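Engineer: Contents of structure-v1.txt (compact mmCIF, C-alpha atoms):
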# COMPACT_ATOMS: atom_id res chain seq x y z
CA MET A 7 20.86 3.56 -14.96
CA ALA A 8 19.44 4.33 -18.40
CA THR A 9 19.22 8.07 -19.00
CA GLY A 10 18.92 10.14 -22.16
CA ARG A 11 20.05 7.99 -25.06
CA GLY A 12 20.48 5.17 -22.57
CA TRP A 13 16.71 5.13 -21.96
CA ARG A 14 16.02 4.75 -25.68
CA ALA A 15 18.68 2.06 -26.03
CA ALA A 16 17.24 0.14 -23.10
CA LEU A 17 13.78 0.49 -24.61
CA LEU A 18 15.00 -1.07 -27.85
CA LEU A 19 16.75 -3.84 -25.97
CA GLY A 20 13.47 -4.54 -24.19
CA LEU A 21 11.82 -5.35 -27.53
CA ALA A 22 13.79 -8.59 -27.60
CA ALA A 23 12.60 -11.58 -25.60
CA CYS A 24 13.07 -11.15 -21.88
CA ALA A 25 16.19 -12.60 -20.33
CA GLY A 26 16.73 -13.39 -16.67
CA PRO A 27 17.37 -10.34 -14.46
CA ALA A 28 20.97 -9.20 -14.27
CA ALA A 29 22.66 -8.03 -11.09
CA MET A 30 20.67 -5.03 -9.91
CA ALA A 31 21.49 -2.30 -7.45
CA THR A 32 19.24 -0.10 -5.36
CA GLY A 33 18.60 3.15 -7.15
CA GLU A 34 15.87 4.78 -9.23
CA ASP A 35 15.24 2.05 -11.82
CA ILE A 36 12.29 -0.26 -12.32
CA VAL A 37 12.70 -3.50 -14.27
CA VAL A 38 10.81 -4.65 -17.34
CA CYS A 39 11.92 -7.80 -19.17
CA GLY A 40 15.24 -7.79 -17.34
CA GLN A 41 16.04 -4.21 -18.40
CA ARG A 42 16.20 -1.19 -16.11
CA TYR A 43 14.35 2.07 -16.67
CA PRO A 44 14.73 5.16 -14.46
CA ILE A 45 11.75 6.82 -12.82
CA GLY A 46 13.47 9.56 -10.81
CA ALA A 47 12.32 8.24 -7.42
CA PRO A 48 13.79 5.76 -4.91
CA VAL A 49 13.28 2.13 -5.95
CA VAL A 50 14.19 -1.10 -4.13
CA LEU A 51 14.08 -4.17 -6.35
CA TRP A 52 13.12 -7.68 -5.25
CA SER A 53 16.79 -8.70 -5.63
CA ASP A 54 18.11 -5.86 -3.43
CA ALA A 55 18.92 -6.18 0.23
CA GLY A 56 15.71 -5.41 2.07
CA GLY A 57 13.61 -5.96 -1.05
CA TYR A 58 10.40 -7.96 -1.25
CA ASP A 59 10.29 -10.92 -3.65
CA ALA A 60 6.81 -12.03 -4.69
CA SER A 61 8.23 -14.85 -6.85
CA VAL A 62 8.92 -16.95 -3.74
CA PRO A 63 6.33 -19.80 -3.63
CA GLY A 64 5.38 -19.46 0.00
CA PRO A 65 5.63 -17.21 3.05
CA VAL A 66 8.67 -14.97 3.43
CA LEU A 67 8.28 -12.81 6.55
CA ALA A 68 6.24 -15.32 8.57
CA PRO A 69 7.25 -18.84 9.63
CA ALA A 70 4.13 -20.37 8.10
CA GLY A 71 1.48 -19.59 5.55
CA PRO A 72 -0.17 -20.86 2.38
CA ALA A 73 2.10 -22.78 0.02
CA GLY A 74 2.25 -22.27 -3.71
CA PRO A 75 2.82 -19.38 -6.12
CA ARG A 76 1.72 -15.77 -5.64
CA TYR A 77 1.94 -14.79 -9.32
CA THR A 78 1.92 -16.12 -12.88
CA PRO A 79 5.32 -16.26 -14.62
CA GLY A 80 4.95 -14.43 -17.91
CA ARG A 81 1.39 -13.38 -18.70
CA SER A 82 -1.66 -15.58 -19.23
CA TRP A 83 -1.51 -14.74 -22.95
CA GLU A 84 2.14 -15.95 -22.99
CA PRO A 85 3.06 -18.29 -20.12
CA ASP A 86 6.70 -18.57 -21.16
CA PRO A 87 8.45 -15.57 -19.54
CA ALA A 88 11.35 -15.87 -21.98
CA ALA A 89 8.92 -15.23 -24.84
CA VAL A 90 7.46 -12.06 -23.32
CA SER A 91 9.00 -8.96 -24.84
CA LEU A 92 8.42 -5.31 -24.09
CA ASP A 93 6.95 -5.02 -27.57
CA ARG A 94 4.33 -7.66 -26.73
CA LEU A 95 3.67 -6.17 -23.31
CA ARG A 96 2.97 -2.84 -24.95
CA GLU A 97 0.30 -4.50 -27.09
CA HIS A 98 -1.55 -5.83 -24.03
CA VAL A 99 -0.85 -3.68 -20.95
CA ASP A 100 -3.29 -0.78 -20.79
CA LEU A 101 -4.34 -0.53 -17.12
CA PHE A 102 -2.56 0.81 -14.04
CA VAL A 103 -4.44 -0.28 -10.90
CA LEU A 104 -4.17 1.65 -7.63
CA HIS A 105 -4.63 -0.22 -4.34
CA TYR A 106 -4.27 0.20 -0.62
CA ASP A 107 -4.28 -2.84 1.63
CA ILE A 108 -5.21 -1.68 5.15
CA ALA A 109 -1.62 -2.37 6.14
CA GLY A 110 -0.15 1.05 6.94
CA PHE A 111 3.40 0.46 5.65
CA SER A 112 4.93 -1.60 2.86
CA ARG A 113 6.57 -4.32 4.93
CA ASN A 114 3.19 -5.08 6.49
CA THR A 115 1.57 -4.98 3.04
CA PHE A 116 4.03 -7.56 1.74
CA HIS A 117 3.46 -9.72 4.81
CA LEU A 118 -0.31 -9.69 4.27
CA LEU A 119 -0.09 -10.38 0.54
CA GLN A 120 2.76 -12.90 0.57
CA ASP A 121 2.40 -14.68 3.89
CA GLU A 122 -1.35 -14.66 4.44
CA ARG A 123 -3.26 -14.11 1.19
CA ALA A 124 -0.99 -15.69 -1.44
CA LEU A 125 -1.39 -12.58 -3.63
CA SER A 126 0.98 -10.04 -5.15
CA ALA A 127 1.32 -6.60 -6.67
CA HIS A 128 4.13 -5.39 -8.91
CA PHE A 129 4.86 -2.40 -6.67
CA LEU A 130 4.55 -1.45 -3.01
CA LEU A 131 4.71 2.29 -2.27
CA ASP A 132 5.78 3.08 1.28
CA VAL A 133 4.91 6.16 3.33
CA ASP A 134 8.34 7.72 2.73
CA GLY A 135 7.97 7.49 -1.05
CA THR A 136 10.20 4.43 -1.45
CA LEU A 137 8.91 2.15 -4.19
CA TYR A 138 9.44 -1.59 -3.82
CA GLN A 139 9.22 -3.65 -7.00
CA THR A 140 8.35 -7.27 -6.21
CA LEU A 141 8.21 -8.75 -9.73
CA ASP A 142 9.50 -8.02 -13.22
CA LEU A 143 6.64 -6.35 -15.11
CA ARG A 144 6.77 -9.15 -17.68
CA ASP A 145 5.14 -11.32 -14.99
CA GLN A 146 1.48 -11.29 -14.03
CA ALA A 147 0.83 -10.22 -10.45
CA TRP A 148 -2.31 -11.40 -8.69
CA HIS A 149 -3.87 -8.11 -7.66
CA GLY A 150 -6.76 -7.07 -9.91
CA ARG A 151 -8.83 -10.17 -10.62
CA PHE A 152 -9.75 -10.50 -14.30
CA THR A 153 -7.62 -7.46 -15.22
CA ASN A 154 -4.32 -9.07 -14.21
CA ALA A 155 -3.20 -10.05 -17.70
CA ARG A 156 -3.49 -6.47 -18.97
CA SER A 157 -2.50 -4.50 -15.88
CA ILE A 158 0.22 -3.32 -13.54
CA GLY A 159 -0.64 -2.93 -9.85
CA VAL A 160 0.68 -0.77 -7.02
CA GLU A 161 -0.17 -1.08 -3.33
CA ILE A 162 0.04 2.35 -1.69
CA ALA A 163 0.59 2.01 2.06
CA ASN A 164 -2.50 3.40 3.77
CA MET A 165 -4.97 2.14 6.35
CA GLY A 166 -7.91 2.84 4.06
CA VAL A 167 -11.46 3.88 4.82
CA PHE A 168 -13.41 3.90 8.08
CA ALA A 169 -16.89 4.88 9.24
CA PRO A 170 -16.74 8.69 9.64
CA ASP A 171 -19.18 9.27 12.50
CA ASP A 172 -18.93 6.23 14.77
CA PRO A 173 -15.54 5.67 16.45
CA SER A 174 -16.78 2.33 17.77
CA ASP A 175 -17.24 1.12 14.17
CA ASP A 176 -13.50 0.84 13.57
CA PRO A 177 -12.39 -2.80 13.97
CA TYR A 178 -8.85 -2.07 12.75
CA GLN A 179 -8.54 1.07 14.93
CA LYS A 180 -7.49 3.14 11.94
CA ARG A 181 -7.95 6.49 13.69
CA ARG A 182 -5.01 5.85 15.99
CA TRP A 183 -2.55 5.73 13.07
CA TYR A 184 -2.48 9.52 12.86
CA VAL A 185 -2.00 12.01 15.69
CA ARG A 186 -2.16 15.79 15.85
CA ASP A 187 1.15 17.60 15.36
CA GLY A 188 0.17 21.25 15.41
CA GLU A 189 -2.28 21.66 12.55
CA ARG A 190 -1.03 18.58 10.73
CA LEU A 191 -1.80 14.88 10.97
CA ARG A 192 1.36 12.88 11.62
CA LEU A 193 1.66 9.16 10.96
CA ALA A 194 2.12 7.23 14.24
CA ILE A 195 2.52 3.52 13.56
CA PRO A 196 1.27 1.63 16.64
CA ALA A 197 4.08 0.21 18.76
CA GLU A 198 2.88 -3.38 18.48
CA PHE A 199 3.90 -3.44 14.80
CA GLY A 200 7.55 -3.07 15.77
CA ASP A 201 10.13 -1.87 13.25
CA ALA A 202 8.32 -0.85 10.06
CA HIS A 203 11.61 -0.88 8.09
CA ILE A 204 10.82 2.50 6.55
CA ARG A 205 13.96 3.69 4.78
CA GLY A 206 13.33 7.42 4.82
CA THR A 207 13.57 9.66 7.85
CA GLY A 208 10.26 10.88 9.25
CA PRO A 209 8.06 12.32 10.43
CA PHE A 210 5.51 11.59 7.72
CA TYR A 211 2.27 13.51 7.40
CA SER A 212 -1.07 13.13 5.71
CA SER A 213 -1.34 15.41 2.68
CA ARG A 214 -4.40 17.01 4.28
CA ASN A 215 -5.06 18.18 7.80
CA GLU A 216 -8.33 16.32 8.35
CA PRO A 217 -9.67 12.92 7.35
CA VAL A 218 -11.37 13.23 3.97
CA ARG A 219 -15.00 12.21 3.64
CA GLY A 220 -16.63 10.89 0.50
CA ARG A 221 -18.87 8.24 -0.98
CA VAL A 222 -17.59 5.00 -2.47
CA HIS A 223 -20.08 2.47 -3.83
CA GLY A 224 -22.84 4.66 -2.42
CA ARG A 225 -21.61 4.57 1.19
CA GLU A 226 -20.11 7.45 3.14
CA TRP A 227 -16.51 6.84 4.27
CA ALA A 228 -13.60 8.75 5.77
CA GLN A 229 -9.90 8.26 5.06
CA PHE A 230 -6.56 9.81 5.98
CA ASP A 231 -4.86 11.11 2.85
CA PHE A 232 -1.67 9.61 1.47
CA THR A 233 1.66 11.29 2.23
CA PRO A 234 3.17 13.90 -0.11
CA GLN A 235 6.13 11.56 -0.60
CA GLN A 236 3.79 8.85 -1.87
CA TYR A 237 2.09 11.19 -4.31
CA ALA A 238 5.46 12.41 -5.62
CA THR A 239 6.72 8.89 -6.33
CA LEU A 240 3.39 7.80 -7.77
CA VAL A 241 3.45 10.72 -10.21
CA LYS A 242 6.96 9.76 -11.38
CA LEU A 243 6.12 6.07 -11.60
CA THR A 244 2.99 6.82 -13.64
CA ALA A 245 4.91 8.99 -16.09
CA ALA A 246 7.54 6.25 -16.50
CA LEU A 247 4.91 3.55 -17.04
CA ARG A 248 3.23 5.68 -19.68
CA ARG A 249 6.54 6.06 -21.51
CA LEU A 250 6.90 2.30 -21.49
CA PHE A 251 3.24 1.40 -22.07
CA PRO A 252 1.57 4.08 -24.20
CA ARG A 253 -1.81 2.33 -24.08
CA ILE A 254 -2.12 3.40 -20.42
CA GLU A 255 -3.94 6.67 -21.02
CA LEU A 256 -3.66 9.51 -18.53
CA GLU A 257 -7.27 9.30 -17.44
CA ALA A 258 -9.55 7.72 -14.85
CA PRO A 259 -13.16 6.57 -15.33
CA ARG A 260 -15.52 9.56 -15.19
CA ASP A 261 -19.24 10.11 -14.90
CA ALA A 262 -21.43 12.28 -17.13
CA GLU A 263 -20.44 15.39 -15.14
CA GLY A 264 -16.73 14.68 -15.61
CA ARG A 265 -16.08 13.55 -12.03
CA VAL A 266 -13.93 10.51 -11.33
CA ARG A 267 -16.30 7.66 -10.63
CA THR A 268 -16.47 5.95 -7.25
CA ASP A 269 -18.37 2.83 -8.27
CA GLU A 270 -17.70 -0.46 -10.00
CA LEU A 271 -17.51 -0.24 -13.78
CA PRO A 272 -19.65 -2.67 -15.75
CA ARG A 273 -17.44 -5.39 -17.20
CA ALA A 274 -17.86 -4.27 -20.82
CA GLU A 275 -17.02 -0.68 -19.88
CA LEU A 276 -13.93 -1.73 -17.95
CA ASP A 277 -12.82 -3.99 -20.79
CA ALA A 278 -13.00 -0.98 -23.12
CA PHE A 279 -11.21 1.42 -20.76
CA HIS A 280 -7.49 2.15 -21.12
CA GLY A 281 -5.93 4.16 -18.31
CA ILE A 282 -5.73 4.34 -14.51
CA VAL A 283 -8.27 2.77 -12.19
CA GLY A 284 -8.70 2.00 -8.53
CA HIS A 285 -9.44 -1.49 -7.30
CA GLY A 286 -12.88 -0.16 -6.43
CA HIS A 287 -13.57 0.33 -10.14
CA ILE A 288 -13.07 -3.43 -10.60
CA THR A 289 -15.18 -4.79 -7.73
CA THR A 290 -17.64 -3.55 -5.10
CA GLU A 291 -15.69 -5.56 -2.53
CA ARG A 292 -12.90 -2.96 -2.58
CA ASN A 293 -12.88 0.80 -2.00
CA GLU A 294 -9.45 1.76 -3.34
CA PRO A 295 -7.95 4.20 -3.66
CA GLY A 296 -10.60 5.76 -1.40
CA PRO A 297 -12.19 9.21 -1.02
CA ALA A 298 -8.94 10.87 0.11
CA PHE A 299 -7.08 10.13 -3.11
CA GLN A 300 -6.54 13.36 -5.05
CA TRP A 301 -7.35 12.09 -8.53
CA ASP A 302 -7.39 15.37 -10.42
CA ALA A 303 -4.27 16.79 -8.74
CA TYR A 304 -2.43 13.52 -9.37
CA LEU A 305 -3.38 13.36 -13.06
CA ARG A 306 -2.51 17.03 -13.48
CA ALA A 307 0.90 16.50 -11.86
CA VAL A 308 1.67 13.59 -14.21
CA ARG A 309 0.62 15.69 -17.21
CA GLU A 310 2.83 18.58 -16.09
CA LEU A 311 5.80 16.25 -15.53
CA GLU A 312 5.37 14.77 -18.99
CA ALA A 313 5.24 18.24 -20.50
CA ARG A 314 8.45 19.31 -18.71
CA GLY A 315 10.29 16.06 -19.38
CA ALA A 316 11.51 13.37 -17.02
CA ALA A 317 14.81 15.16 -16.40
CA SER A 318 13.09 18.22 -14.91
CA ASP A 319 14.11 19.08 -11.35
CA VAL A 320 10.85 20.93 -10.63
CA PRO A 321 9.11 19.26 -7.64
CA VAL A 322 6.15 17.19 -8.79
CA TRP A 323 4.21 17.43 -5.50
CA PRO A 324 4.44 19.96 -2.64
CA MET A 325 6.04 18.38 0.42
CA ASP A 326 4.24 20.86 2.70
CA ALA A 327 0.84 19.85 1.38
CA GLY A 328 -0.46 18.95 4.81
CA ALA A 329 0.45 22.35 6.17
CA ARG A 330 -1.39 24.11 3.35
CA GLY A 331 -4.50 21.97 3.36
CA PRO A 332 -6.37 20.71 0.26
What does the file become when written as structure tokens?
Structural biologist:
Amino acid sequence: MATGRGWRAALLLGLAACAGPAAMATGEDIVVCGQRYPIGAPVVLWSDAGGYDASVPGPVLAPAGPAGPRYTPGRSWEPDPAAVSLDRLREHVDLFVLHYDIAGFSRNTFHLLQDERALSAHFLLDVDGTLYQTLDLRDQAWHGRFTNARSIGVEIANMGVFAPDDPSDDPYQKRRWYVRDGERLRLAIPAEFGDAHIRGTGPFYSSRNEPVRGRVHGREWAQFDFTPQQYATLVKLTAALRRLFPRIELEAPRDAEGRVRTDELPRAELDAFHGIVGHGHITTERNEPGPAFQWDAYLRAVRELEARGAASDVPVWPMDAGARGP
């Protein structure tokens, strides 16, 4: 693990052309160009036992599925992975894209992306706050359409949006994924999904005690909030990515009143933006991260962590958030 001077040494090593990944152990490190960088949160790499490897050219968790690659080795501006350096990545990477995939937990997310859709994301963030890295960040994941060459993507396990006032308009039965536990909303993965392979010990709760309503692309939706554990890891991951890729600004697209936008950005505006976006900012076909995502609290938490320093032991997100409400 690179800490203190080790972080800076690893950063300098990353400026050289990327080598193949060395032996890696489960811990708190993400991997860029074969080098490890700590984020202060639990990370499982694609090479670890129980990890998810998006470089496999075909299905992994299912017996059958589409053949062929799920990602682009290197980046489209440099297809030779060995020629991609951290220095060059820092010139190009300026977007961090937030997704959910109507999957509920990370193993199911990987199954849908890898086995069914032939897609990928660099990171999968499970409900317990465990972060799975599926590809070295030198490689181009297939997650954000025309932004892939300049972006890093994370899939945050969540069932996504549903119609707020009509329980019959819920084809994926998203309401049943949370049940009342006193005042709080507890995650209850339906039995037919079997073992979710969640590493942490539950129970896991929504960060708010009611589904959150809001408009995305002009339509009213509801959504169960993400877990406090997910927010905490996302804050730490974001701070680490910003240390590595300074062109990712700590901002989201905003309207004239200063509110985070909930619509698709025009292509020219998105091309000129450097920061953090949801998939819904890229296309009207997606609603991520949804109305429940606490944009301002998340950005504030990253800013506070950066001000304190990565070594701070001050909690970045309250674990009792669901008990306290918004």
Engineer: Give the answer as one residue: which of A:Asp86, A:Asp107, A:Glu255, A:Glu161 has the shortest atom-to-atom distance to Ala127 in chain A, using only C-alpha atoms?
Structural biologist: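 Under the stated criterion, the closest residue is A:Glu161.
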Engineer: What's the 8 Å shell around Ala245 in chain A, counting all atoms listed in the file, without same-chain residues fewer than 6 positions away, as an MDAnalysis selection string?
Structural biologist: chainID A and resid 45 308 311:312 316
Engineer: Report, in Å with one decimal, the straight-line distance from CA of Arg76 in chain A to CA of Trp148 in chain A.
Structural biologist: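 Computed distance, CA of Arg76 in chain A to CA of Trp148 in chain A, equals 6.7 Å.
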Engineer: Which residue is closest to Ser157 in chain A? Choose from A:Phe116, A:Tyr184, A:Phe102, A:Tyr77 and count all atoms listed in the file.
Structural biologist: A:Phe102
Engineer: Taking (7.3, 2.8, -23.4) as a centre in this file's frame and 9 Å as the limit, can you find every polymer residue with an atom that close, using all atoms listed in the file, and give them as a VMD selection string?
Structural biologist: chain A and resid 17 92 to 93 96 246 to 252
Engineer: Between CA of Val322 in chain A and CA of Thr244 in chain A, measure the distance and give it in Å to one decimal.
Structural biologist: 11.9 Å
Engineer: Considering all atoms listed in the file, state which residue in the set A:Pro44, A:Ser112, A:Ser213, A:Trp183 is at the smallest distance from Glu198 in chain A.
Structural biologist: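 So, comparing all the options, the nearest one is A:Trp183.
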Engineer: Which residue, A:Asp302, A:Glu189, A:Glu257, A:Asp142, has the smallest gap to Arg81 in chain A when you use all atoms listed in the file?
Structural biologist: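 Once distances to Arg81 in chain A are computed over all atoms listed in the file, the minimum belongs to A:Asp142.
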Engineer: Give me, please, the distance in Å between CA of Val185 in chain A and CA of Ala197 in chain A, quoted to one decimal.
Structural biologist: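 Between CA of Val185 in chain A and CA of Ala197 in chain A the gap is 13.6 Å.
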Engineer: Between A:Thr207, A:Ser318, A:Asn164, A:Gln120, which one has atoms that come closest to Leu104 in chain A, using only C-alpha atoms?
Structural biologist: A:Asn164
Engineer: Between A:Ala307, A:Ala169, A:Cys39, A:Val241, single out the one closest to Ser91 in chain A, counting all atoms listed in the file.
Structural biologist: A:Cys39
Engineer: Which polymer residues have any atom within 10 Å of an atom of Pro272 in chain A, counting only C-alpha atoms, with same-chain residues fewer than 3 positions away left out, as number ranges by chain?
Structural biologist: A: 269, 275-277, 287-289
Engineer: Can you list, as a VMD selection string, every protein, DNA or RNA residue that comes within 9 Å of Glu216 in chain A when you count all atoms listed in the file, leaving out same-chain residues fewer than 6 positions away?
Structural biologist: chain A and resid 190 to 191 229 to 231 331
Engineer: For the point (3.1, 2.7, 9.7) in file coordinates, what residues are within 8 Å, counting all atoms listed in the file? Give the answer as a VMD selection string?
Structural biologist: chain A and resid 109 to 111 133 183 193 to 196 202
